[in-house]
Structures are given as C-alpha cells and as structure tokens.
Amino acid sequence: MAASHATAGSCPNRAVLLAVTCLGQFMVLLDNTVVGAALPDMQHRLHTQLTGLQWIVDAYVLLVAMLLLSGGVFADRFGRKRVYLTGVAVFTVASLVCSLAPSLGWLIAGRVLQGIGAAALSPASLALLVAAYPVPQERIKAIGLWAGFSGIGLAAGPVAGGVLTDAFGWPAIFLVNLPIGVILLLAGLRTLEETRNPSAPAIDVPGTVLSVLAVGALTYGLIEGGARGWTSPVILSSFTAAVILLAAFVAVETRRSAPMLPLRLFRQRLFTVSNTAMVVVGFALMGSSFFFSQFFVYVQGSSILRAGLQTLPVSLAMVIVSPYAGRLAARYGFRIVVTTGLALAGLGLLALGLVHADTGYGNVWWRLGVVGTGFALTMSPLTGAAIQAVDPQEGGLASGISSTTRQIGAVLGVALLGAVVRIRQSGGASFETGLNSAFLAAGIVTLATAVFTGLWLTRSKPTEGSTAPQRSTDPDVVTTSNEAPANSR
C-alpha cells in the first residue's frame, strides 16, 4: 500500500480500531438484509405497490453500487478516518430520516442518503484496517474478522427484521442503527487516527456522475415500465438516456488518465468473465431475495416474524460456506468451484420456482439452503479471479470493481425480476404465479452463466509489458488470493 501520513502502529489501540471498523461494516451489511423482512409491512402501512418496494431497495443499492469505488478514493485522498466517520454520520442521520418517513417519497430519499453513507463507510473501514495492520498475517486475520462481521450482519438481518417489524413496525429496523451510529462516532473520534495516501488518484467526478445517471435511468425504466407501459414516451426516453449516458461514460473513461473504471482491464478475459458472472450473482441473489419474505407472507400466509425466520437458510448457508470457498478455489481452481456454485444456485432457484402455497416448509428450506450454498461458492472465487487477472498493485481496484459489478447486478435483479412479476400479473396471473416465473427466470440465467464460466473462466495471458508474476502454472488455480484484499482501497 502507498505510504500513509500515520504509521501502522500509531493507533493507540488496534483492538478498538478493529471493533469500530467491524461494527460499521456490520451495520451496513445488516441493512442489506433487514429491509427484506419488513417489505410486507411497508407495503401495507405506506399503501404502496410492488414498484414502491423495488425503489425502497434499489434506491439504496444503486447509490452503493455507483459510489463504492469513489468512496475508496475519497478515503485515501482526504483521510480514512474523516471519510469513515462522515459515512457513519450520514448513514445514521439517513436511518433517522427513514424511520420518521411519513410517505414513500421520504423513505426513498432516506434510502438514497443511506446508500451515500454506506458507500463512504464501507471502503474506508477496510482501508483503516489495512493501514493499521502492515504485517500480512495480522492483516489477513483482521480482514477475516471484518468479513466475518459482514457475514453475521447478513445472517442477522432476516431475523432482526422479522422481530423488530413484528413488535414495533417497519420504522424500528432503521431506528436500531441510531445507537450503533452514535457509539461508532464517539469511539471513532476518540480512538481512530488519521491516515491517507498522498499519491491517491484524483476523484473522477465526470465518471462518477455519468455512471450514477446511466444506471439510474436504466433502473427507472425497468421499474416504472410495468406501471407506465413499456412503450410510453417517458420509459422509452429513460432507456434512450441510459444508452446515451453509458456511451458518454465509456468515452470519458477512455480519455481520462486516472479513470474510476479503467476499461483496459476488460481486455483480460479472466477479468471480464469473472465480473460478468458477478453481475449475474448480484442479479439472481438480490433479485430473488427481494421476494422471499413476500412469498412466505403473501403466498403461504406466514406472519412477518415467521417469514423472517423462514428465509434464514439462505444467509446461514452463505455464512457457513463462504469461508471455505477461497480454499476450495485454491485447491481445485476458479472454474470448477464457480461453475459448481452457479449450477447449485441455479438448480435451487429452479426448485423454488416450483414451490406453491400448499408446499410444506420442510420441502422449502433446503431449496433456500442450496441457493445460499451455491452463491457462497461463487463470490469469493470470482473476486479472486478478478484480482489475479491484473497486476498486483491493482488488486484493490479489481476487488472494488468486483464488488461494484455485484451491486449493479443487484440493482438490475430487483428491477428486472420485479418486471417479470408485474408482466405476469398484467396478463391475469396470480402473484404466486408471477413469483414462480421470477424464480425460474433467475434460475435459467444462473445456469446459463454456469455454462459460460465452465467454458471461459480461465486465466488470461499476461498483457504485453505486464509486471505481474506467474502465480500458477495451472491457469485455473488460485495461489496467492489470500493477501489480495490487503491492497484494497
């Protein structure tokens, strides 16, 4: 990592730093899954339809996806402590706005602010850890704990969301962030020391703005198309604007000396294939998860609390299996592990597409578990593949791009699978039938991607003049991915 203004050992208490950064990441990841359990209550109390629920989720995910890379650059350039605490403050205030929202519009505005805060908080928390732990083995352990807290946040979300919503209503899922945020601000101000990277690149403002607008326009068209009509002028204009803005983004990034997204990296087949597959992972995982609680509440008649507990097999499987995914990839190679994971996830989603109102939970939970297991096997190896495809000094950038592509897939998953449900309902089908179609569509796309990675997920040849060492004689085997996150911004 580039030099910092503070030495690694200058933090008075690295244990406190570890706790502060892990708790911040826990709060962000908890918010990813806690909202899903509250969606049925939001729909009832806010008198909104499926489109409104999609915006509640995508308003947050969209901002995280498009600002994540810039958040890492901001942290390096302006100070990791400053950006981290700013992110915590914004996220906490935004959570208060969400909890007090009197209408759907206010709630969506609060979710936008939450996304901005999360996009600053998350990369800055990891950057603080990396700066505080210069010894590779200590750093790996610290990052492992940081990632472990992320997993706990994901697993706790459905249960916490179900309990809080059932007892107090949906605003409670946001109020729980307030004491956490206050604790983080007080502890962070007292214990964190400022570090920064003097050689960090300039902020790519045009690229950031164009990317937000392009994906935002595309998302608007996909979510609102079902309600307004796919051929209505506003929807066609939205899709046209998305294409124009995307073209402008590519043109700007090609000409900038320090682009937010270096397009040259996509000349490497391994990098391109791994990120393409990561888009599908985000698409299928987030798009299907959006409907899990709604299926149990609206189709099978569960209470909100029970529905939160019933969705738990997905996140539990991911928490249990994820730590082993990297080891399996190191032993058997990216292609085998990723393709197996995608095939499992795809088959699990197809199986969910065959579940009906009278299907007993004993015949449902294992399908959710298969989905979680499959996606857990894919995410870490896909990130490792993206990192291995680039020069070592760009490992952090590759990791950030991998996270961004997954979030973009998540935005599109909620929008597109929601469109599938609405199209089926507009044709006279029931909500249950629409959900079955959405799960089947996600499963088919995931299985197709398994075939794609099985054929193409092999290591690229080094680019001309590349300084990257040959880390393995087998183009499909990971050998040094454990330390890759240390380069993350």
# chains A, B, ... in the order shown; residues from 1 in each chain; ligands from 1

$ residues_around --residues "region 400-406 of chain A" --least-positions-apart "2" --cutoff "8 Å" --atoms "only C-alpha atoms" --output "list in words"
Ala65, Met66, Leu68, Leu69, Leu261, Asn275, Thr276, Met278, Val279, Val280, Val281, Gly282, Phe283, Leu382, Thr383, Ala386, Gly396, Leu397, Ala398, Ile408, Gly409, Ala410, Ser488 and Arg489 of chain A

$ write_last_selection --atoms "C-alpha atoms" --output "tab-separated table (two decimals), in the first residue's frame"
chain	number	residue	atom	x	y	z
A	65	ALA	CA	-23.02	0.40	-6.42
A	66	MET	CA	-22.17	3.64	-8.19
A	68	LEU	CA	-18.32	2.47	-3.89
A	69	LEU	CA	-15.18	2.98	-5.99
A	261	LEU	CA	-13.16	2.33	-14.11
A	275	ASN	CA	-17.07	-9.63	-13.49
A	276	THR	CA	-19.77	-10.70	-15.95
A	278	MET	CA	-20.51	-11.40	-10.67
A	279	VAL	CA	-23.24	-9.27	-12.27
A	280	VAL	CA	-25.35	-12.41	-12.59
A	281	VAL	CA	-24.64	-13.37	-8.97
A	282	GLY	CA	-25.91	-9.98	-7.79
A	283	PHE	CA	-28.84	-10.16	-10.20
A	382	LEU	CA	-14.90	-14.61	-8.59
A	383	THR	CA	-13.28	-11.73	-6.70
A	386	ALA	CA	-10.63	-10.66	-10.95
A	396	GLY	CA	-7.56	-3.31	-4.58
A	397	LEU	CA	-9.08	-1.69	-7.65
A	398	ALA	CA	-10.01	-5.10	-9.07
A	408	ILE	CA	-25.04	-3.34	-10.24
A	409	GLY	CA	-26.37	-6.85	-10.78
A	410	ALA	CA	-28.38	-6.47	-7.56
A	488	SER	CA	-7.94	-2.74	-1.29
A	489	ARG	CA	-8.60	0.93	-1.01

$ closest_atom_pairs --of "region 61-144 of chain A" --to "region 161-172 of chain A" --cutoff "10 Å" --atoms "only C-alpha atoms" --output "Markdown table"
| residue | atom | partner | partner_atom | distance |
| --- | --- | --- | --- | --- |
| A:Ser95 | CA | A:Pro171 | CA | 9.1 |
| A:Leu96 | CA | A:Pro171 | CA | 8.9 |
| A:Val97 | CA | A:Pro171 | CA | 9.7 |
| A:Cys98 | CA | A:Pro171 | CA | 7.1 |
| A:Ser99 | CA | A:Pro171 | CA | 4.3 |
| A:Leu100 | CA | A:Pro171 | CA | 7.0 |
| A:Ala101 | CA | A:Pro171 | CA | 8.3 |
| A:Leu107 | CA | A:Pro171 | CA | 9.8 |

$ write_last_selection --atoms "all heavy atoms" --output "tab-separated table (two decimals), in the first residue's frame"
chain	number	residue	atom	x	y	z
A	95	SER	N	-30.78	6.98	8.51
A	95	SER	CA	-31.61	5.97	9.17
A	95	SER	C	-32.74	6.63	9.97
A	95	SER	O	-33.87	6.13	10.00
A	95	SER	CB	-30.76	5.11	10.09
A	95	SER	OG	-29.79	4.38	9.36
A	96	LEU	N	-32.42	7.77	10.61
A	96	LEU	CA	-33.45	8.51	11.34
A	96	LEU	C	-34.51	9.04	10.37
A	96	LEU	O	-35.71	8.97	10.65
A	96	LEU	CB	-32.82	9.66	12.11
A	96	LEU	CG	-33.78	10.55	12.92
A	96	LEU	CD1	-34.51	9.73	13.98
A	96	LEU	CD2	-33.01	11.71	13.56
A	97	VAL	N	-34.05	9.57	9.22
A	97	VAL	CA	-34.99	10.06	8.20
A	97	VAL	C	-35.91	8.93	7.74
A	97	VAL	O	-37.12	9.10	7.62
A	97	VAL	CB	-34.22	10.65	7.01
A	97	VAL	CG1	-35.17	10.98	5.86
A	97	VAL	CG2	-33.46	11.91	7.42
A	98	CYS	N	-35.32	7.74	7.51
A	98	CYS	CA	-36.13	6.59	7.08
A	98	CYS	C	-37.17	6.22	8.13
A	98	CYS	O	-38.34	5.96	7.81
A	98	CYS	CB	-35.23	5.39	6.80
A	98	CYS	SG	-34.19	5.53	5.33
A	99	SER	N	-36.75	6.19	9.38
A	99	SER	CA	-37.67	5.75	10.45
A	99	SER	C	-38.82	6.72	10.65
A	99	SER	O	-39.91	6.32	11.09
A	99	SER	CB	-36.90	5.58	11.76
A	99	SER	OG	-36.43	6.83	12.25
A	100	LEU	N	-38.59	8.00	10.35
A	100	LEU	CA	-39.63	9.01	10.54
A	100	LEU	C	-40.39	9.32	9.25
A	100	LEU	O	-41.27	10.20	9.26
A	100	LEU	CB	-38.99	10.31	11.06
A	100	LEU	CG	-38.30	10.23	12.43
A	100	LEU	CD1	-37.65	11.56	12.78
A	100	LEU	CD2	-39.28	9.80	13.52
A	101	ALA	N	-40.06	8.61	8.17
A	101	ALA	CA	-40.65	8.93	6.86
A	101	ALA	C	-42.17	8.80	6.90
A	101	ALA	O	-42.69	7.72	7.20
A	101	ALA	CB	-40.08	8.01	5.80
A	107	LEU	N	-39.19	8.02	2.45
A	107	LEU	CA	-38.43	6.81	2.73
A	107	LEU	C	-37.39	6.56	1.65
A	107	LEU	O	-36.23	6.20	1.95
A	107	LEU	CB	-39.38	5.61	2.84
A	107	LEU	CG	-38.72	4.25	3.11
A	107	LEU	CD1	-37.85	4.28	4.36
A	107	LEU	CD2	-39.79	3.16	3.25

$ residues_around --residues "Gln300 (chain A)" --least-positions-apart "2" --cutoff "9 Å" --atoms "only C-alpha atoms" --output "CSV table (one decimal) with N, CA and C atoms, in the first residue's frame"
chain,number,residue,atom,x,y,z
A,295,PHE,N,-43.0,-14.0,-0.5
A,295,PHE,CA,-43.6,-15.3,-0.8
A,295,PHE,C,-44.2,-15.9,0.4
A,296,PHE,N,-43.5,-15.9,1.5
A,296,PHE,CA,-44.0,-16.5,2.7
A,296,PHE,C,-45.2,-15.8,3.3
A,297,VAL,N,-45.2,-14.5,3.2
A,297,VAL,CA,-46.3,-13.7,3.8
A,297,VAL,C,-47.5,-13.7,2.9
A,298,TYR,N,-47.3,-13.4,1.6
A,298,TYR,CA,-48.5,-13.2,0.7
A,298,TYR,C,-49.0,-14.5,0.1
A,302,SER,N,-47.7,-16.6,6.1
A,302,SER,CA,-46.9,-16.6,7.3
A,302,SER,C,-47.0,-15.2,7.9
A,356,HIS,N,-45.3,-23.9,-4.1
A,356,HIS,CA,-46.7,-23.3,-4.2
A,356,HIS,C,-47.2,-23.0,-2.8
A,357,ALA,N,-48.4,-22.5,-2.7
A,357,ALA,CA,-48.9,-22.1,-1.4
A,357,ALA,C,-49.1,-23.2,-0.4
A,358,ASP,N,-49.3,-24.4,-1.0
A,358,ASP,CA,-49.5,-25.6,-0.1
A,358,ASP,C,-48.3,-26.4,0.1
A,359,THR,N,-47.1,-25.9,-0.3
A,359,THR,CA,-45.9,-26.7,-0.1
A,359,THR,C,-45.4,-26.5,1.3

$ select_by_dssp --residues "region 119-312 of chain A" --states "helix (DSSP H, G or I)" --output "ChimeraX atom specification"
/A:119-132,136-168,172-175,177-191,205-228,233-255,263-267,269-299,304-310,312

$ residues_around --residues "Thr219 (chain A)" --least-positions-apart "4" --cutoff "9 Å" --atoms "only C-alpha atoms" --output "ChimeraX atom specification"
/A:58,62,214-215,223-224,238-239,242,411-412,415-416

$ write_last_selection --atoms "N, CA and C atoms" --output "PDB file, in the first residue's frame"
ATOM      1  N   ASP A  58     -33.834  -0.569  -4.286  1.00  0.00           N
ATOM      2  CA  ASP A  58     -32.871  -0.157  -5.307  1.00  0.00           C
ATOM      3  C   ASP A  58     -32.315   1.242  -5.084  1.00  0.00           C
ATOM      4  N   LEU A  62     -28.443   1.128  -5.546  1.00  0.00           N
ATOM      5  CA  LEU A  62     -27.929   1.905  -6.672  1.00  0.00           C
ATOM      6  C   LEU A  62     -26.831   2.859  -6.244  1.00  0.00           C
ATOM      7  N   ALA A 214     -26.519   6.995 -15.637  1.00  0.00           N
ATOM      8  CA  ALA A 214     -26.787   5.945 -16.621  1.00  0.00           C
ATOM      9  C   ALA A 214     -27.530   4.769 -15.994  1.00  0.00           C
ATOM     10  N   VAL A 215     -26.997   4.248 -14.889  1.00  0.00           N
ATOM     11  CA  VAL A 215     -27.648   3.109 -14.243  1.00  0.00           C
ATOM     12  C   VAL A 215     -28.972   3.545 -13.622  1.00  0.00           C
ATOM     13  N   ILE A 223     -38.074  -0.406 -13.625  1.00  0.00           N
ATOM     14  CA  ILE A 223     -39.038  -0.460 -12.521  1.00  0.00           C
ATOM     15  C   ILE A 223     -40.378   0.154 -12.910  1.00  0.00           C
ATOM     16  N   GLU A 224     -40.344   1.288 -13.596  1.00  0.00           N
ATOM     17  CA  GLU A 224     -41.589   2.003 -13.909  1.00  0.00           C
ATOM     18  C   GLU A 224     -42.246   1.516 -15.191  1.00  0.00           C
ATOM     19  N   SER A 238     -36.319   7.122 -21.009  1.00  0.00           N
ATOM     20  CA  SER A 238     -35.418   6.663 -19.958  1.00  0.00           C
ATOM     21  C   SER A 238     -34.385   5.688 -20.498  1.00  0.00           C
ATOM     22  N   PHE A 239     -34.833   4.733 -21.312  1.00  0.00           N
ATOM     23  CA  PHE A 239     -33.895   3.767 -21.894  1.00  0.00           C
ATOM     24  C   PHE A 239     -32.932   4.451 -22.866  1.00  0.00           C
ATOM     25  N   ALA A 242     -30.347   6.240 -20.884  1.00  0.00           N
ATOM     26  CA  ALA A 242     -29.388   5.293 -20.307  1.00  0.00           C
ATOM     27  C   ALA A 242     -28.314   4.920 -21.317  1.00  0.00           C
ATOM     28  N   VAL A 411     -29.018  -4.273  -8.382  1.00  0.00           N
ATOM     29  CA  VAL A 411     -29.966  -3.241  -8.819  1.00  0.00           C
ATOM     30  C   VAL A 411     -30.836  -3.771  -9.954  1.00  0.00           C
ATOM     31  N   LEU A 412     -30.184  -4.384 -10.945  1.00  0.00           N
ATOM     32  CA  LEU A 412     -30.913  -4.878 -12.109  1.00  0.00           C
ATOM     33  C   LEU A 412     -31.790  -6.075 -11.752  1.00  0.00           C
ATOM     34  N   ALA A 415     -35.001  -4.868 -10.236  1.00  0.00           N
ATOM     35  CA  ALA A 415     -35.805  -4.203 -11.261  1.00  0.00           C
ATOM     36  C   ALA A 415     -36.370  -5.199 -12.274  1.00  0.00           C
ATOM     37  N   LEU A 416     -35.528  -6.088 -12.794  1.00  0.00           N
ATOM     38  CA  LEU A 416     -35.953  -6.987 -13.868  1.00  0.00           C
ATOM     39  C   LEU A 416     -36.883  -8.092 -13.373  1.00  0.00           C
TER      40      LEU A 416
END

$ atom_distance --atom1 "CA of Ser274 (chain A)" --atom2 "CA of Arg367 (chain A)"
25.3 Å

$ closest_residue --among "A:Glu432, A:Asp204, A:Asp31, A:Glu194" --to "Ala132 (chain A)" --atoms "only C-alpha atoms"
A:Glu194

$ closest_residue --among "A:Ala385, A:Ala160, A:Ala89, A:Ala127" --to "Leu189 (chain A)" --atoms "only C-alpha atoms"
A:Ala89

$ residues_around --residues "Leu23 (chain A)" --least-positions-apart "4" --cutoff "9 Å" --atoms "only C-alpha atoms" --output "ChimeraX atom specification"
/A:18-19,27-28,146,149-150,180,184

$ write_last_selection --atoms "all heavy atoms" --output "PDB file, in the first residue's frame"
ATOM      1  N   LEU A  18     -10.251  -2.219  15.374  1.00  0.00           N
ATOM      2  CA  LEU A  18     -10.857  -3.385  14.739  1.00  0.00           C
ATOM      3  C   LEU A  18     -12.348  -3.467  15.075  1.00  0.00           C
ATOM      4  O   LEU A  18     -13.188  -3.727  14.206  1.00  0.00           O
ATOM      5  CB  LEU A  18     -10.134  -4.654  15.197  1.00  0.00           C
ATOM      6  CG  LEU A  18     -10.630  -5.984  14.616  1.00  0.00           C
ATOM      7  CD1 LEU A  18     -10.484  -6.002  13.102  1.00  0.00           C
ATOM      8  CD2 LEU A  18      -9.846  -7.136  15.239  1.00  0.00           C
ATOM      9  N   ALA A  19     -12.682  -3.223  16.348  1.00  0.00           N
ATOM     10  CA  ALA A  19     -14.073  -3.281  16.764  1.00  0.00           C
ATOM     11  C   ALA A  19     -14.905  -2.204  16.073  1.00  0.00           C
ATOM     12  O   ALA A  19     -16.027  -2.458  15.621  1.00  0.00           O
ATOM     13  CB  ALA A  19     -14.171  -3.131  18.280  1.00  0.00           C
ATOM     14  N   MET A  27     -23.148  -2.887  10.456  1.00  0.00           N
ATOM     15  CA  MET A  27     -24.341  -2.056  10.302  1.00  0.00           C
ATOM     16  C   MET A  27     -24.753  -1.956   8.840  1.00  0.00           C
ATOM     17  O   MET A  27     -25.949  -2.040   8.504  1.00  0.00           O
ATOM     18  CB  MET A  27     -24.081  -0.663  10.885  1.00  0.00           C
ATOM     19  CG  MET A  27     -25.265   0.269  10.848  1.00  0.00           C
ATOM     20  SD  MET A  27     -24.999   1.795  11.787  1.00  0.00           S
ATOM     21  CE  MET A  27     -23.673   2.559  10.827  1.00  0.00           C
ATOM     22  N   VAL A  28     -23.762  -1.797   7.950  1.00  0.00           N
ATOM     23  CA  VAL A  28     -24.062  -1.681   6.524  1.00  0.00           C
ATOM     24  C   VAL A  28     -24.649  -2.984   5.985  1.00  0.00           C
ATOM     25  O   VAL A  28     -25.643  -2.989   5.258  1.00  0.00           O
ATOM     26  CB  VAL A  28     -22.786  -1.310   5.741  1.00  0.00           C
ATOM     27  CG1 VAL A  28     -23.011  -1.463   4.238  1.00  0.00           C
ATOM     28  CG2 VAL A  28     -22.372   0.118   6.056  1.00  0.00           C
ATOM     29  N   TRP A 146     -13.228  -8.800   9.977  1.00  0.00           N
ATOM     30  CA  TRP A 146     -14.063  -7.783   9.323  1.00  0.00           C
ATOM     31  C   TRP A 146     -15.082  -8.458   8.406  1.00  0.00           C
ATOM     32  O   TRP A 146     -16.267  -8.133   8.428  1.00  0.00           O
ATOM     33  CB  TRP A 146     -13.143  -6.851   8.542  1.00  0.00           C
ATOM     34  CG  TRP A 146     -13.788  -5.710   7.822  1.00  0.00           C
ATOM     35  CD1 TRP A 146     -14.115  -4.489   8.328  1.00  0.00           C
ATOM     36  CD2 TRP A 146     -14.149  -5.671   6.428  1.00  0.00           C
ATOM     37  NE1 TRP A 146     -14.660  -3.689   7.351  1.00  0.00           N
ATOM     38  CE2 TRP A 146     -14.683  -4.392   6.175  1.00  0.00           C
ATOM     39  CE3 TRP A 146     -14.052  -6.581   5.385  1.00  0.00           C
ATOM     40  CZ2 TRP A 146     -15.128  -4.003   4.919  1.00  0.00           C
ATOM     41  CZ3 TRP A 146     -14.504  -6.201   4.130  1.00  0.00           C
ATOM     42  CH2 TRP A 146     -15.031  -4.936   3.911  1.00  0.00           C
ATOM     43  N   PHE A 149     -17.779 -10.341  10.469  1.00  0.00           N
ATOM     44  CA  PHE A 149     -18.854  -9.477  10.954  1.00  0.00           C
ATOM     45  C   PHE A 149     -19.831  -9.157   9.834  1.00  0.00           C
ATOM     46  O   PHE A 149     -21.034  -9.026  10.074  1.00  0.00           O
ATOM     47  CB  PHE A 149     -18.276  -8.183  11.529  1.00  0.00           C
ATOM     48  CG  PHE A 149     -18.121  -8.212  13.026  1.00  0.00           C
ATOM     49  CD1 PHE A 149     -17.018  -8.816  13.609  1.00  0.00           C
ATOM     50  CD2 PHE A 149     -19.082  -7.660  13.842  1.00  0.00           C
ATOM     51  CE1 PHE A 149     -16.878  -8.869  14.986  1.00  0.00           C
ATOM     52  CE2 PHE A 149     -18.954  -7.696  15.221  1.00  0.00           C
ATOM     53  CZ  PHE A 149     -17.851  -8.300  15.799  1.00  0.00           C
ATOM     54  N   SER A 150     -19.310  -9.048   8.613  1.00  0.00           N
ATOM     55  CA  SER A 150     -20.200  -8.832   7.478  1.00  0.00           C
ATOM     56  C   SER A 150     -21.173  -9.992   7.352  1.00  0.00           C
ATOM     57  O   SER A 150     -22.374  -9.799   7.145  1.00  0.00           O
ATOM     58  CB  SER A 150     -19.380  -8.697   6.182  1.00  0.00           C
ATOM     59  OG  SER A 150     -18.451  -7.648   6.284  1.00  0.00           O
ATOM     60  N   ILE A 180     -26.098   2.365  17.345  1.00  0.00           N
ATOM     61  CA  ILE A 180     -24.838   1.868  16.768  1.00  0.00           C
ATOM     62  C   ILE A 180     -24.052   3.031  16.179  1.00  0.00           C
ATOM     63  O   ILE A 180     -22.840   3.154  16.393  1.00  0.00           O
ATOM     64  CB  ILE A 180     -25.126   0.806  15.688  1.00  0.00           C
ATOM     65  CG1 ILE A 180     -25.829  -0.406  16.282  1.00  0.00           C
ATOM     66  CG2 ILE A 180     -23.826   0.364  15.014  1.00  0.00           C
ATOM     67  CD1 ILE A 180     -26.233  -1.458  15.256  1.00  0.00           C
ATOM     68  N   LEU A 184     -20.334   4.403  17.322  1.00  0.00           N
ATOM     69  CA  LEU A 184     -19.223   4.444  16.367  1.00  0.00           C
ATOM     70  C   LEU A 184     -18.620   5.845  16.273  1.00  0.00           C
ATOM     71  O   LEU A 184     -17.389   5.994  16.208  1.00  0.00           O
ATOM     72  CB  LEU A 184     -19.712   3.996  14.984  1.00  0.00           C
ATOM     73  CG  LEU A 184     -20.038   2.506  14.826  1.00  0.00           C
ATOM     74  CD1 LEU A 184     -20.640   2.232  13.454  1.00  0.00           C
ATOM     75  CD2 LEU A 184     -18.781   1.672  15.028  1.00  0.00           C
TER      76      LEU A 184
END

$ residues_around --residues "Gln268 (chain A)" --least-positions-apart "3" --cutoff "7 Å" --atoms "only C-alpha atoms" --output "CSV table (one decimal) with all heavy atoms, in the first residue's frame"
chain,number,residue,atom,x,y,z
A,265,LEU,N,-8.7,-2.9,-18.3
A,265,LEU,CA,-8.7,-4.1,-17.5
A,265,LEU,C,-9.6,-5.2,-18.2
A,265,LEU,O,-9.3,-6.4,-18.0
A,265,LEU,CB,-9.2,-3.9,-16.1
A,265,LEU,CG,-8.3,-3.0,-15.2
A,265,LEU,CD1,-8.9,-2.8,-13.8
A,265,LEU,CD2,-6.9,-3.5,-15.1
A,271,PHE,N,-10.6,-11.3,-16.2
A,271,PHE,CA,-11.3,-10.2,-15.5
A,271,PHE,C,-12.7,-10.0,-16.0
A,271,PHE,O,-13.6,-9.8,-15.3
A,271,PHE,CB,-10.4,-8.9,-15.7
A,271,PHE,CG,-10.9,-7.8,-14.9
A,271,PHE,CD1,-10.5,-7.6,-13.6
A,271,PHE,CD2,-11.7,-6.8,-15.5
A,271,PHE,CE1,-10.9,-6.5,-12.9
A,271,PHE,CE2,-12.1,-5.7,-14.8
A,271,PHE,CZ,-11.7,-5.5,-13.4
A,272,THR,N,-12.8,-10.0,-17.4
A,272,THR,CA,-14.1,-9.7,-18.0
A,272,THR,C,-15.1,-10.8,-17.6
A,272,THR,O,-16.3,-10.6,-17.2
A,272,THR,CB,-14.0,-9.7,-19.5
A,272,THR,OG1,-13.1,-8.6,-19.8
A,272,THR,CG2,-15.3,-9.4,-20.1
A,389,ALA,N,-6.3,-11.5,-12.3
A,389,ALA,CA,-6.2,-11.1,-13.7
A,389,ALA,C,-5.4,-9.8,-14.0
A,389,ALA,O,-5.0,-9.5,-15.1
A,389,ALA,CB,-7.6,-11.0,-14.3
A,460,SER,N,-6.3,-15.3,-18.1
A,460,SER,CA,-5.9,-14.7,-19.4
A,460,SER,C,-4.4,-14.7,-19.5
A,460,SER,O,-3.6,-14.9,-18.5
A,460,SER,CB,-6.3,-13.2,-19.3
A,460,SER,OG,-7.6,-13.0,-18.9

$ closest_residue --among "A:Val35, A:Val243, A:Ala419, A:Ala156" --to "Trp230 (chain A)" --atoms "only C-alpha atoms"
A:Ala419

$ residues_around --residues "Ala376 (chain A)" --least-positions-apart "5" --cutoff "7 Å" --atoms "only C-alpha atoms" --output "CSV table (one decimal) with N, CA and C atoms, in the first residue's frame"
chain,number,residue,atom,x,y,z
A,318,MET,N,-24.8,-19.2,3.4
A,318,MET,CA,-23.7,-18.3,2.9
A,318,MET,C,-22.6,-18.0,4.0
A,321,VAL,N,-20.7,-21.5,4.4
A,321,VAL,CA,-19.9,-22.0,3.3
A,321,VAL,C,-18.9,-21.0,2.8
A,322,SER,N,-19.1,-19.7,2.9
A,322,SER,CA,-18.2,-18.7,2.3
A,322,SER,C,-16.8,-18.8,2.8
A,325,ALA,N,-14.9,-21.2,0.5
A,325,ALA,CA,-14.9,-21.0,-0.9
A,325,ALA,C,-13.5,-20.7,-1.5
